[in-house]
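K.L.:
mmCIF, C-alpha atoms, file target-v4.cif:
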```cif
data_my_file
loop_
_atom_site.label_atom_id
_atom_site.label_comp_id
_atom_site.auth_asym_id
_atom_site.auth_seq_id
_atom_site.Cartn_x
_atom_site.Cartn_y
_atom_site.Cartn_z
CA MET A 1 2.35 -22.89 -13.66
CA THR A 2 0.03 -25.18 -11.73
CA PHE A 3 -3.32 -23.83 -10.57
CA ALA A 4 -3.92 -26.05 -7.55
CA PRO A 5 -6.88 -24.98 -5.40
CA GLY A 6 -6.98 -25.10 -1.63
CA THR A 7 -3.58 -23.62 -0.75
CA ALA A 8 -2.79 -20.23 0.78
CA ASN A 9 0.43 -19.95 -1.22
CA SER A 10 0.33 -16.73 -3.24
CA ARG A 11 1.61 -16.59 -6.83
CA ILE A 12 2.87 -13.02 -6.36
CA PRO A 13 6.69 -12.78 -6.31
CA THR A 14 8.57 -11.02 -3.52
CA THR A 15 11.90 -9.28 -3.01
CA LEU A 16 12.40 -9.45 0.76
CA PHE A 17 10.34 -12.54 1.61
CA GLY A 18 12.21 -15.76 0.94
CA ALA A 19 10.79 -19.28 0.84
CA ASP A 20 10.69 -19.63 4.62
CA GLU A 21 8.93 -16.30 5.14
CA ARG A 22 6.42 -17.03 2.39
CA ALA A 23 5.69 -20.42 3.94
CA LEU A 24 5.17 -18.73 7.32
CA VAL A 25 2.64 -16.33 5.82
CA ALA A 26 0.79 -19.17 4.09
CA GLN A 27 0.73 -21.19 7.31
CA PHE A 28 -0.56 -18.19 9.28
CA VAL A 29 -3.34 -17.67 6.77
CA ASP A 30 -4.32 -21.37 6.72
CA GLU A 31 -4.19 -21.90 10.47
CA ARG A 32 -5.10 -18.55 12.05
CA ILE A 33 -7.30 -16.69 9.55
CA ARG A 34 -9.29 -19.02 7.32
CA PRO A 35 -10.71 -21.13 10.17
CA ILE A 36 -12.26 -18.08 11.88
CA ALA A 37 -13.31 -16.05 8.82
CA ALA A 38 -16.94 -17.21 8.89
CA ASP A 39 -17.26 -16.47 12.61
CA LEU A 40 -15.72 -13.01 12.21
CA ASP A 41 -18.15 -12.28 9.41
CA GLU A 42 -21.09 -13.40 11.52
CA THR A 43 -20.13 -11.65 14.77
CA GLU A 44 -18.40 -8.57 13.29
CA ARG A 45 -15.77 -9.04 16.02
CA PHE A 46 -12.49 -7.10 16.03
CA PRO A 47 -9.91 -9.96 16.08
CA GLU A 48 -7.38 -8.32 18.36
CA GLU A 49 -5.57 -11.59 19.02
CA VAL A 50 -4.90 -12.08 15.30
CA TYR A 51 -3.52 -8.56 14.92
CA SER A 52 -1.32 -9.05 17.96
CA GLU A 53 0.22 -12.12 16.31
CA MET A 54 0.65 -10.23 13.05
CA GLY A 55 2.56 -7.52 14.89
CA LYS A 56 4.86 -10.12 16.42
CA ILE A 57 5.69 -11.92 13.16
CA GLY A 58 6.18 -8.74 11.10
CA LEU A 59 3.01 -8.42 9.02
CA PHE A 60 2.46 -4.74 9.74
CA GLY A 61 4.47 -1.92 8.18
CA ILE A 62 5.77 -3.96 5.26
CA THR A 63 7.35 -1.00 3.45
CA VAL A 64 8.13 1.03 6.59
CA PRO A 65 11.94 1.22 7.04
CA GLU A 66 13.42 -1.02 9.71
CA GLU A 67 14.79 1.94 11.68
CA PHE A 68 11.19 2.98 12.34
CA GLY A 69 10.09 -0.48 13.44
CA GLY A 70 8.86 -1.70 10.06
CA VAL A 71 9.81 -4.66 7.88
CA GLY A 72 11.79 -2.64 5.35
CA GLY A 73 10.23 -4.39 2.36
CA THR A 74 9.10 -3.21 -1.05
CA ALA A 75 5.74 -2.42 -2.59
CA LEU A 76 5.94 -5.86 -4.21
CA ASP A 77 6.29 -7.46 -0.77
CA TYR A 78 3.30 -5.42 0.41
CA LEU A 79 1.22 -6.63 -2.55
CA PHE A 80 2.12 -10.22 -1.68
CA VAL A 81 1.11 -9.82 1.97
CA MET A 82 -2.20 -8.12 1.12
CA GLU A 83 -3.15 -10.80 -1.42
CA SER A 84 -2.16 -13.61 0.97
CA LEU A 85 -4.08 -12.19 3.93
CA SER A 86 -7.15 -11.48 1.82
CA TYR A 87 -7.17 -15.08 0.62
CA GLY A 88 -7.83 -15.86 4.27
CA TYR A 89 -10.23 -12.99 4.99
CA ALA A 90 -10.39 -9.54 3.43
CA SER A 91 -11.07 -7.76 6.73
CA ILE A 92 -7.70 -8.92 8.04
CA ALA A 93 -5.96 -7.61 4.94
CA ASP A 94 -7.91 -4.38 5.30
CA GLN A 95 -6.34 -3.84 8.73
CA CYS A 96 -2.89 -4.51 7.28
CA GLY A 97 -3.55 -1.93 4.57
CA LEU A 98 -4.66 0.70 7.09
CA VAL A 99 -1.54 0.23 9.21
CA GLU A 100 0.63 0.34 6.08
CA ILE A 101 -0.72 3.70 4.92
CA LEU A 102 -0.56 5.34 8.34
CA GLY A 103 2.82 3.75 9.05
CA SER A 104 4.11 5.23 5.80
CA LEU A 105 2.86 8.69 6.77
CA LEU A 106 4.30 8.52 10.29
CA SER A 107 7.69 7.20 9.20
CA ALA A 108 7.99 9.96 6.60
CA TYR A 109 6.60 13.01 8.41
CA ALA A 110 6.29 12.40 12.17
CA THR A 111 8.74 13.80 14.68
CA PRO A 112 10.81 11.32 16.72
CA ALA A 113 8.48 11.94 19.69
CA GLN A 114 5.41 11.26 17.55
CA GLN A 115 6.98 8.13 16.14
CA GLU A 116 7.71 6.82 19.61
CA GLU A 117 4.20 7.59 20.82
CA TYR A 118 2.27 6.38 17.80
CA LEU A 119 4.30 4.58 15.13
CA LEU A 120 6.13 1.97 17.19
CA PRO A 121 3.03 0.80 19.11
CA LEU A 122 1.00 0.89 15.88
CA LEU A 123 3.33 -1.55 14.12
CA ALA A 124 3.46 -3.77 17.20
CA ALA A 125 -0.39 -3.83 17.31
CA GLU A 126 -0.31 -2.21 20.73
CA LYS A 127 -2.30 0.82 19.57
CA ARG A 128 -5.25 0.94 17.17
CA CYS A 129 -5.42 3.63 14.53
CA ALA A 130 -8.05 5.31 12.37
CA TYR A 131 -7.67 7.25 9.15
CA ALA A 132 -10.17 10.12 9.40
CA MET A 133 -10.59 11.59 5.94
CA THR A 134 -14.12 10.93 4.58
CA GLU A 135 -16.95 13.31 5.52
CA PRO A 136 -20.72 13.43 4.85
CA GLY A 137 -20.12 15.68 1.83
CA SER A 138 -16.61 14.58 0.92
CA GLY A 139 -15.34 11.23 -0.32
CA SER A 140 -12.73 11.12 -3.07
CA ASP A 141 -12.53 14.93 -3.28
CA LEU A 142 -10.09 16.09 -0.59
CA GLY A 143 -10.75 19.70 -1.50
CA SER A 144 -14.32 19.52 -0.23
CA ILE A 145 -13.63 18.57 3.38
CA THR A 146 -15.06 20.98 5.97
CA THR A 147 -13.57 19.79 9.27
CA ARG A 148 -11.73 22.82 10.69
CA ALA A 149 -8.64 23.16 12.86
CA GLU A 150 -8.25 26.68 14.24
CA ARG A 151 -5.19 27.93 16.07
CA THR A 152 -5.46 28.67 19.78
CA ALA A 153 -2.99 29.97 22.35
CA THR A 154 -1.89 26.41 23.18
CA GLY A 155 -2.50 24.50 19.95
CA TRP A 156 -5.57 23.81 17.86
CA ARG A 157 -9.35 23.60 18.19
CA LEU A 158 -10.88 20.84 16.09
CA ARG A 159 -14.47 20.99 14.82
CA GLY A 160 -16.23 18.76 12.30
CA GLU A 161 -17.41 15.26 11.47
CA LYS A 162 -15.93 12.20 9.78
CA ILE A 163 -17.89 9.17 8.54
CA TYR A 164 -17.14 5.64 7.27
CA ILE A 165 -13.86 5.69 9.15
CA HIS A 166 -12.02 2.38 9.41
CA ASN A 167 -11.44 1.47 13.08
CA ALA A 168 -13.31 4.52 14.43
CA PRO A 169 -15.25 2.35 16.94
CA VAL A 170 -12.06 0.86 18.41
CA ALA A 171 -9.23 3.32 17.64
CA ASP A 172 -6.86 4.72 20.24
CA PHE A 173 -5.75 7.53 17.94
CA ALA A 174 -6.74 8.97 14.59
CA VAL A 175 -4.92 10.65 11.73
CA VAL A 176 -7.29 13.53 10.96
CA LEU A 177 -7.40 15.76 7.89
CA ALA A 178 -8.69 19.26 8.63
CA VAL A 179 -8.83 22.65 6.94
CA THR A 180 -6.37 25.11 8.49
CA ASP A 181 -6.63 27.86 5.85
CA PRO A 182 -9.92 27.94 3.88
CA GLU A 183 -8.59 30.52 1.43
CA LEU A 184 -5.78 28.28 0.19
CA GLY A 185 -7.99 25.25 -0.53
CA LYS A 186 -6.61 21.74 -0.76
CA ARG A 187 -3.18 22.83 -2.03
CA GLY A 188 -1.89 24.57 1.07
CA GLY A 189 -4.98 24.86 3.23
CA ILE A 190 -5.34 21.32 4.63
CA SER A 191 -3.23 19.83 7.42
CA VAL A 192 -2.90 16.47 9.18
CA PHE A 193 -3.22 15.92 12.92
CA LEU A 194 -2.50 13.02 15.27
CA VAL A 195 -5.38 12.94 17.72
CA ASP A 196 -6.05 10.71 20.72
CA VAL A 197 -9.66 9.60 20.41
CA ASP A 198 -10.30 9.86 24.17
CA THR A 199 -9.61 13.62 24.03
CA PRO A 200 -12.51 15.67 25.49
CA GLY A 201 -14.73 16.95 22.68
CA ILE A 202 -14.18 13.87 20.49
CA SER A 203 -16.90 11.24 20.31
CA ARG A 204 -17.44 8.05 18.34
CA ALA A 205 -20.59 7.75 16.25
CA TYR A 206 -22.36 5.61 13.67
CA HIS A 207 -20.94 2.14 14.33
CA GLU A 208 -21.95 0.80 10.93
CA HIS A 209 -23.05 -2.73 10.02
CA LYS A 210 -21.81 -3.47 6.55
CA MET A 211 -22.71 -5.76 3.66
CA GLY A 212 -19.26 -7.35 3.61
CA GLN A 213 -15.85 -7.28 5.27
CA ARG A 214 -17.93 -7.12 8.41
CA ALA A 215 -15.08 -7.57 10.89
CA SER A 216 -13.56 -4.30 9.69
CA GLN A 217 -14.86 -1.81 12.23
CA ILE A 218 -16.42 1.24 10.55
CA GLY A 219 -17.92 4.30 12.20
CA GLY A 220 -17.80 8.04 12.63
CA LEU A 221 -15.86 10.58 14.65
CA VAL A 222 -17.31 13.90 15.77
CA PHE A 223 -15.06 16.78 16.83
CA ASP A 224 -16.91 19.30 19.00
CA ASP A 225 -14.37 22.07 19.67
CA ALA A 226 -11.81 19.50 20.78
CA GLU A 227 -8.64 21.15 22.11
CA ILE A 228 -5.43 19.50 20.89
CA ASP A 229 -1.80 20.44 21.47
CA GLU A 230 0.49 22.13 18.97
CA SER A 231 2.46 18.86 18.88
CA ALA A 232 -0.53 17.12 17.28
CA LEU A 233 0.34 18.57 13.86
CA LEU A 234 1.87 15.92 11.58
CA GLY A 235 4.53 17.35 9.33
CA GLU A 236 4.11 20.91 8.07
CA GLU A 237 0.95 22.98 8.17
CA GLY A 238 -0.92 22.98 4.87
CA LYS A 239 0.93 20.00 3.38
CA ALA A 240 -1.80 17.34 3.77
CA PHE A 241 -2.71 17.15 0.08
CA GLY A 242 0.85 16.38 -0.93
CA TYR A 243 1.22 13.84 1.86
CA MET A 244 -1.96 12.05 0.83
CA MET A 245 -0.97 11.95 -2.84
CA LYS A 246 2.27 10.18 -1.91
CA VAL A 247 0.46 7.32 -0.16
CA LEU A 248 -2.72 7.00 -2.25
CA ALA A 249 -0.98 5.00 -4.98
CA LYS A 250 0.28 2.53 -2.39
CA GLY A 251 -3.21 2.32 -0.92
CA ARG A 252 -4.67 1.49 -4.31
CA LEU A 253 -2.00 -1.12 -4.91
CA GLY A 254 -2.95 -2.68 -1.58
CA ILE A 255 -6.62 -2.90 -2.55
CA SER A 256 -5.66 -4.51 -5.83
CA GLY A 257 -3.87 -7.19 -3.80
CA LEU A 258 -6.87 -7.56 -1.50
CA ALA A 259 -9.21 -7.99 -4.48
CA LEU A 260 -6.88 -10.54 -6.05
CA GLY A 261 -6.91 -12.54 -2.82
CA ILE A 262 -10.72 -12.65 -2.83
CA SER A 263 -10.72 -13.74 -6.48
CA ARG A 264 -8.23 -16.52 -5.79
CA ALA A 265 -10.29 -17.77 -2.85
CA ALA A 266 -13.41 -17.74 -5.04
CA LEU A 267 -11.69 -19.74 -7.79
CA ASP A 268 -10.27 -22.22 -5.30
CA ALA A 269 -13.76 -22.78 -3.89
CA ALA A 270 -15.45 -23.05 -7.29
CA VAL A 271 -13.13 -25.53 -9.03
CA PRO A 272 -13.63 -28.49 -6.64
CA GLN A 273 -17.33 -27.68 -6.36
CA SER A 274 -17.68 -27.95 -10.13
CA LEU A 275 -16.28 -31.49 -9.89
CA ASP A 276 -18.31 -32.51 -6.84
CA ARG A 277 -21.69 -31.10 -7.88
CA HIS A 278 -23.59 -33.30 -10.33
CA GLN A 279 -26.51 -32.48 -12.59
CA PHE A 280 -28.09 -34.74 -15.21
CA GLY A 281 -25.83 -37.58 -14.13
CA ARG A 282 -22.48 -35.87 -14.54
CA ALA A 283 -20.25 -33.28 -12.86
CA ILE A 284 -21.20 -29.74 -13.82
CA ALA A 285 -17.51 -29.23 -14.73
CA ASP A 286 -18.27 -31.38 -17.80
CA ASN A 287 -20.58 -28.62 -18.95
CA GLN A 288 -18.55 -26.30 -21.16
CA ALA A 289 -20.47 -23.26 -19.92
CA ILE A 290 -19.11 -23.93 -16.44
CA SER A 291 -15.57 -24.98 -17.34
CA PHE A 292 -15.13 -22.03 -19.70
CA SER A 293 -16.35 -19.64 -17.00
CA LEU A 294 -13.69 -20.99 -14.63
CA ALA A 295 -11.08 -20.73 -17.38
CA SER A 296 -11.95 -17.04 -17.81
CA VAL A 297 -11.66 -16.41 -14.07
CA ALA A 298 -8.25 -18.12 -13.92
CA THR A 299 -7.00 -16.17 -16.94
CA GLU A 300 -8.24 -12.81 -15.67
CA LEU A 301 -6.79 -13.54 -12.23
CA GLN A 302 -3.36 -14.26 -13.66
CA ALA A 303 -3.54 -11.14 -15.83
CA GLY A 304 -4.54 -9.10 -12.79
CA ILE A 305 -1.56 -10.43 -10.86
CA ALA A 306 0.76 -9.44 -13.71
CA LEU A 307 -0.66 -5.90 -13.86
CA SER A 308 -0.45 -5.46 -10.08
CA VAL A 309 3.12 -6.78 -10.00
CA SER A 310 4.03 -4.31 -12.74
CA ALA A 311 2.45 -1.47 -10.73
CA ALA A 312 4.32 -2.51 -7.57
CA GLN A 313 7.63 -2.65 -9.43
CA ALA A 314 7.00 0.80 -10.91
CA LEU A 315 6.23 2.14 -7.43
CA ASP A 316 9.44 0.63 -6.07
CA ALA A 317 11.45 2.09 -8.93
CA GLY A 318 9.89 5.54 -8.56
CA ASP A 319 8.66 5.49 -12.15
CA ALA A 320 6.59 8.46 -13.32
CA ASP A 321 3.74 6.19 -14.41
CA ALA A 322 3.50 4.33 -11.09
CA GLU A 323 0.40 6.21 -9.92
CA VAL A 324 -1.52 5.45 -13.13
CA LEU A 325 -0.41 1.80 -13.06
CA CYS A 326 -1.64 1.48 -9.47
CA SER A 327 -4.99 2.94 -10.52
CA MET A 328 -5.13 0.47 -13.41
CA ALA A 329 -4.27 -2.42 -11.09
CA LYS A 330 -6.91 -1.40 -8.56
CA LEU A 331 -9.57 -0.84 -11.23
CA ASN A 332 -8.87 -4.15 -12.95
CA ALA A 333 -8.62 -6.27 -9.81
CA SER A 334 -11.70 -4.82 -8.11
CA GLU A 335 -13.97 -4.93 -11.17
CA ASN A 336 -12.90 -8.51 -11.91
CA CYS A 337 -13.22 -9.51 -8.26
CA VAL A 338 -16.96 -8.79 -8.30
CA ARG A 339 -17.39 -10.85 -11.48
CA HIS A 340 -15.20 -13.67 -10.17
CA THR A 341 -17.16 -14.07 -6.95
CA ASP A 342 -20.37 -13.94 -8.95
CA ALA A 343 -19.09 -16.79 -11.12
CA ALA A 344 -18.24 -18.79 -8.00
CA VAL A 345 -21.72 -18.29 -6.57
CA GLN A 346 -23.15 -19.51 -9.89
CA VAL A 347 -21.13 -22.73 -9.66
CA PHE A 348 -22.60 -23.38 -6.20
CA GLY A 349 -26.14 -22.70 -7.39
CA GLY A 350 -28.67 -22.13 -4.61
CA ASN A 351 -26.09 -23.06 -1.98
CA GLY A 352 -24.02 -20.07 -3.05
CA PHE A 353 -26.83 -17.81 -1.86
CA ILE A 354 -26.90 -19.35 1.63
CA ARG A 355 -25.03 -18.04 4.67
CA GLY A 356 -22.29 -20.39 5.79
CA TYR A 357 -20.90 -21.01 2.32
CA GLU A 358 -17.60 -19.25 1.71
CA VAL A 359 -18.55 -17.97 -1.72
CA GLU A 360 -21.59 -16.15 -0.32
CA ARG A 361 -19.28 -14.19 2.00
CA LEU A 362 -16.71 -13.61 -0.73
CA TYR A 363 -19.41 -12.15 -2.98
CA ARG A 364 -20.33 -9.63 -0.26
CA ASP A 365 -16.70 -8.89 0.60
CA ALA A 366 -15.88 -8.15 -3.04
CA ARG A 367 -18.30 -5.30 -3.63
CA ILE A 368 -16.57 -2.63 -1.55
CA THR A 369 -13.33 -3.04 -3.50
CA LYS A 370 -14.89 -0.97 -6.31
CA ILE A 371 -15.51 1.90 -3.85
CA TYR A 372 -12.84 2.41 -1.21
CA GLU A 373 -9.38 3.86 -1.84
CA GLY A 374 -10.95 5.63 -4.80
CA THR A 375 -14.01 4.46 -6.72
CA SER A 376 -13.77 2.76 -10.09
CA GLU A 377 -15.00 5.99 -11.63
CA MET A 378 -12.16 7.91 -9.95
CA GLN A 379 -9.60 5.40 -11.24
CA ARG A 380 -10.94 5.78 -14.78
CA LEU A 381 -10.69 9.55 -14.39
CA ILE A 382 -7.03 9.30 -13.33
CA ILE A 383 -6.21 6.91 -16.17
CA SER A 384 -8.05 8.88 -18.85
CA ARG A 385 -6.48 12.17 -17.79
CA SER A 386 -3.06 10.58 -18.08
CA LEU A 387 -3.84 9.32 -21.58
CA LEU A 388 -5.15 12.69 -22.71
CA ARG A 389 -2.19 14.61 -21.27
CA ALA A 390 0.21 12.30 -23.10
CA ALA A 391 -1.70 12.76 -26.34
CA GLY A 392 -1.84 16.55 -25.97
#
```
I need this file expressed as C-alpha cells, please.

P.N.:
Amino acid sequence: MTFAPGTANSRIPTTLFGADERALVAQFVDERIRPIAADLDETERFPEEVYSEMGKIGLFGITVPEEFGGVGGTALDYLFVMESLSYGYASIADQCGLVEILGSLLSAYATPAQQEEYLLPLLAAEKRCAYAMTEPGSGSDLGSITTRAERTATGWRLRGEKIYIHNAPVADFAVVLAVTDPELGKRGGISVFLVDVDTPGISRAYHEHKMGQRASQIGGLVFDDAEIDESALLGEEGKAFGYMMKVLAKGRLGISGLALGISRAALDAAVPQSLDRHQFGRAIADNQAISFSLASVATELQAGIALSVSAAQALDAGDADAEVLCSMAKLNASENCVRHTDAAVQVFGGNGFIRGYEVERLYRDARITKIYEGTSEMQRLIISRSLLRAAG
C-alpha cells in the first residue's frame, strides 16, 4: 500500500461504490470542498450550494433503501463517504451524518405521507433537518430528558428546551424526542415527533459559535406549548428509546469515519511539511523524532481504518457485536484524531498555531469527535459492560 499525501482518494473499501463512483467522490472533495474549507471555517457559513450538489449526486442517505429515495448502500459505503467528505472538511461530513441518521429513522418508521413530506426532500437537500435530543440537563442519558408532549383533542402540546442541536438555526423541521409518559421512563415513556420549526410556539435560540467544525450550525430550540398534529408522531408512541438504539451504532460508525478523514488530512499536510521545513541545515524529516512521529500516525490511522471497516461489516451482517465494535471504532478514531492533529501542528511549529494553516483548523475540528455521538467515556462504558457480561 502506498501512502501518497495530497489525494482525496480514501483507502476504505466499498460494496456499492465502484471505481467511477469513488473517483467522483474524490473529485467532488478536491474541487468543491477543500478549496472552500478555510472560508467556511472563518465565516461559519451554511454551504447550501454544496449540500444541493451532494443531494444531486447521491451523497445523502447512503444506507437508505432506493425505494425511499436513498442510495441503497451499506454501512461500509457510508463509512467511505464520511471519511472522504471529512478529508475535505469535517462540517460537510457532519451534515451527511445528520441526514443519514434521520433518513434511516424516517425510512424505517415514517408513514408514506411523512416520507413524502420530509424524507424525499431531505435526501434531495430541499429541506433542512435538525435532530433535537440534547437538553440542558441531558446529554448521553436519554432517560433524563424533560421535554414533554401532552395529548390534546387534536394532537399534542410540546413544552421544553433543546440545546446544542445540529442545524437548529437553519432547520425547516426537527425530529424531537419528548416524554409522553413520565411513569414509564425511557423504555416506553419517550416518543419521537416530526415538527416544523416555523410552528407557533417554537423558537430558535442560542446560535452557538464553536471551537471547530464551525460551518456546522448549532443552536437551541424552545417549545412553548407548541400545538402539533396527531400526524406528527413518528412510529409508535413510547418507542423512541428502541428507535434511537437502532441508529446510534451507525451514528458512531459515521463519526469514526469523520475522525479518520481528519487524521488523514493531518498526515497528508504534515508529511510534505516535514520535507520542506528545514532546521539546522536539513529537513526536519531527517530528525528521527519527527519521522517516527509520522510513522506512528500512519500506523494508527491504518489500524483505525481496519477497526472501522470491521465494525461496518459487522453492522451490515447484523452481528451481535456490531454495537460494541462501532463504539470501539468511534473511541479509537476520535482519541487518535486529537493526537494526530496535535502531531501535525508540531511538525508545522509556530505556523501550526496560526489561523490560515490547515492543521490549525484540523486541530480544532478534531476535539469534538471525542464528545458527540457519545463521549469517549460513554464508549468505554459500553465496551466494558460488554466485556464484563461476557465474562459473567

K.L.:
Quick check on the file I pasted: which residues fall under the PyMOL selection byres ((chain A and resi 189) around 12)? Write them as a short mmCIF file (atom, residue, chain, number, x, y, z; two decimals) with C-alpha atoms, in the coordinates of the input.

P.N.:
```cif
data_model
loop_
_atom_site.label_atom_id
_atom_site.label_comp_id
_atom_site.auth_asym_id
_atom_site.auth_seq_id
_atom_site.Cartn_x
_atom_site.Cartn_y
_atom_site.Cartn_z
CA LEU A 142 -10.09 16.09 -0.59
CA GLY A 143 -10.75 19.70 -1.50
CA SER A 144 -14.32 19.52 -0.23
CA ILE A 145 -13.63 18.57 3.38
CA THR A 146 -15.06 20.98 5.97
CA THR A 147 -13.57 19.79 9.27
CA ARG A 148 -11.73 22.82 10.69
CA ALA A 149 -8.64 23.16 12.86
CA GLU A 150 -8.25 26.68 14.24
CA LEU A 177 -7.40 15.76 7.89
CA ALA A 178 -8.69 19.26 8.63
CA VAL A 179 -8.83 22.65 6.94
CA THR A 180 -6.37 25.11 8.49
CA ASP A 181 -6.63 27.86 5.85
CA PRO A 182 -9.92 27.94 3.88
CA GLU A 183 -8.59 30.52 1.43
CA LEU A 184 -5.78 28.28 0.19
CA GLY A 185 -7.99 25.25 -0.53
CA LYS A 186 -6.61 21.74 -0.76
CA ARG A 187 -3.18 22.83 -2.03
CA GLY A 188 -1.89 24.57 1.07
CA ILE A 190 -5.34 21.32 4.63
CA SER A 191 -3.23 19.83 7.42
CA VAL A 192 -2.90 16.47 9.18
CA GLU A 236 4.11 20.91 8.07
CA GLU A 237 0.95 22.98 8.17
CA GLY A 238 -0.92 22.98 4.87
CA LYS A 239 0.93 20.00 3.38
CA ALA A 240 -1.80 17.34 3.77
CA PHE A 241 -2.71 17.15 0.08
CA GLY A 242 0.85 16.38 -0.93
#
```

K.L.:
Would you kindly translate the PyMOL selection byres ((chain A and resi 338-353) around 8) into the concrete residues it picks from this file, as number ranges by chain?

P.N.:
A: 262-263, 266-267, 269-270, 273-274, 277, 290, 293-294, 297, 334-337, 354-355, 357, 359-360, 362-363, 366-367

K.L.:
By how many Å are atom CA of Ala26 of chain A and atom CA of Glu44 of chain A apart?

P.N.:
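Value for the atom CA of Ala26 of chain A-atom CA of Glu44 of chain A distance: 23.8 Å.
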
K.L.:
What does the structure give for the distance between atom CA of Cys129 of chain A and atom CA of His166 of chain A, in Å to one decimal?

P.N.:
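Those two atoms sit 8.4 Å apart.
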
K.L.:
As a short mmCIF file (atom, residue, chain, number, x, y, z; two decimals) with C-alpha atoms, keeping the file's coordinate frame, please: the residues near segment 85-87 of chain A (cut-off 7 Å, only C-alpha atoms, same-chain neighbours under 2 positions excluded).

P.N.:
```cif
data_model
loop_
_atom_site.label_atom_id
_atom_site.label_comp_id
_atom_site.auth_asym_id
_atom_site.auth_seq_id
_atom_site.Cartn_x
_atom_site.Cartn_y
_atom_site.Cartn_z
CA ALA A 8 -2.79 -20.23 0.78
CA VAL A 29 -3.34 -17.67 6.77
CA VAL A 81 1.11 -9.82 1.97
CA MET A 82 -2.20 -8.12 1.12
CA GLU A 83 -3.15 -10.80 -1.42
CA TYR A 89 -10.23 -12.99 4.99
CA ALA A 90 -10.39 -9.54 3.43
CA ILE A 92 -7.70 -8.92 8.04
CA ALA A 93 -5.96 -7.61 4.94
CA LEU A 258 -6.87 -7.56 -1.50
CA GLY A 261 -6.91 -12.54 -2.82
CA ILE A 262 -10.72 -12.65 -2.83
CA ARG A 264 -8.23 -16.52 -5.79
CA ALA A 265 -10.29 -17.77 -2.85
#
```

K.L.:
Could you give me, as a VMD selection string, the residues within 9 Å of segment 314-331 of chain A, counting only C-alpha atoms and dropping anything in the same chain fewer than 6 positions from it?

P.N.:
chain A and resid 74 to 76 248 to 257 259 304 to 305 307 to 308 369 to 370 373 to 380 382 to 383 386

K.L.:
Grab the atom CA of Pro65 of chain A to atom CA of Gln217 of chain A distance for me, in Å with one decimal place.

P.N.:
27.5 Å

K.L.:
Carefully work through the PyMOL selection byres ((chain A and resi 125) around 10) for this structure and note down the residues it includes, as number ranges by chain.

P.N.:
A: 48-56, 60, 99, 119-124, 126-129

K.L.:
What would the file look like if the residues just selected were written as a PDB file, keeping the file's coordinate frame with C-alpha atoms?

P.N.:
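Here's the written file selection23.pdb:
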```pdb
ATOM      1  CA  GLU A  48      -7.380  -8.320  18.360  1.00  0.00           C
ATOM      2  CA  GLU A  49      -5.570 -11.590  19.020  1.00  0.00           C
ATOM      3  CA  VAL A  50      -4.900 -12.080  15.300  1.00  0.00           C
ATOM      4  CA  TYR A  51      -3.520  -8.560  14.920  1.00  0.00           C
ATOM      5  CA  SER A  52      -1.320  -9.050  17.960  1.00  0.00           C
ATOM      6  CA  GLU A  53       0.220 -12.120  16.310  1.00  0.00           C
ATOM      7  CA  MET A  54       0.650 -10.230  13.050  1.00  0.00           C
ATOM      8  CA  GLY A  55       2.560  -7.520  14.890  1.00  0.00           C
ATOM      9  CA  LYS A  56       4.860 -10.120  16.420  1.00  0.00           C
ATOM     10  CA  PHE A  60       2.460  -4.740   9.740  1.00  0.00           C
ATOM     11  CA  VAL A  99      -1.540   0.230   9.210  1.00  0.00           C
ATOM     12  CA  LEU A 119       4.300   4.580  15.130  1.00  0.00           C
ATOM     13  CA  LEU A 120       6.130   1.970  17.190  1.00  0.00           C
ATOM     14  CA  PRO A 121       3.030   0.800  19.110  1.00  0.00           C
ATOM     15  CA  LEU A 122       1.000   0.890  15.880  1.00  0.00           C
ATOM     16  CA  LEU A 123       3.330  -1.550  14.120  1.00  0.00           C
ATOM     17  CA  ALA A 124       3.460  -3.770  17.200  1.00  0.00           C
ATOM     18  CA  GLU A 126      -0.310  -2.210  20.730  1.00  0.00           C
ATOM     19  CA  LYS A 127      -2.300   0.820  19.570  1.00  0.00           C
ATOM     20  CA  ARG A 128      -5.250   0.940  17.170  1.00  0.00           C
ATOM     21  CA  CYS A 129      -5.420   3.630  14.530  1.00  0.00           C
TER      22      CYS A 129
END
```

K.L.:
A:Phe223, A:Glu358, A:Glu42, A:Leu388: which is nearest His209 of chain A, counting only C-alpha atoms?

P.N.:
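Closest candidate: A:Glu42.
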
K.L.:
Within 9 Å of segment 153-160 of chain A, counting only C-alpha atoms, which residues qualify if same-chain residues fewer than 2 places away don't, as a PyMOL selection string?

P.N.:
chain A and resi 135+146-151+162+178+201-202+221-233

K.L.:
Between A:Ile101, A:Leu381, A:Lys246, A:Phe46, which residue has the minimum interatomic distance to Ala168 of chain A, considering all atoms listed in the file?

P.N.:
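Nearest to Ala168 of chain A: A:Phe46.
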
K.L.:
Please build the interface table for segment 213-233 of chain A against segment 32-38 of chain A with a cut-off of 12 Å, listing for each qualifying residue the nearest atom pair and the distance in Å to one decimal; count all atoms listed in the file, order rows by chain and increasing number, and write it as CSV.

P.N.:
```
residue,atom,partner,partner_atom,distance
A:Gln213,CA,A:Ala37,CA,9.8
A:Arg214,CA,A:Ala37,CA,10.1
A:Ala215,CA,A:Ala37,CA,8.9
A:Ser216,CA,A:Ala37,CA,11.8
```

K.L.:
Using only C-alpha atoms, which residues sit within 8 Å of Gly235 of chain A once same-chain residues fewer than 5 positions away are excluded, as a short mmCIF file (atom, residue, chain, number, x, y, z; two decimals) with C-alpha atoms, keeping the file's coordinate frame?

P.N.:
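Okay, this is what ended up in result.cif:
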```
data_model
loop_
_atom_site.label_atom_id
_atom_site.label_comp_id
_atom_site.auth_asym_id
_atom_site.auth_seq_id
_atom_site.Cartn_x
_atom_site.Cartn_y
_atom_site.Cartn_z
CA TYR A 109 6.60 13.01 8.41
CA ALA A 110 6.29 12.40 12.17
CA THR A 111 8.74 13.80 14.68
CA VAL A 192 -2.90 16.47 9.18
#
```

K.L.:
Determine the nearest neighbour of Leu79 of chain A from the options A:Pro200, A:Pro169, A:Pro13, A:Gly281, counting all atoms listed in the file.

P.N.:
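Of all the options, A:Pro13 lies closest to Leu79 of chain A.
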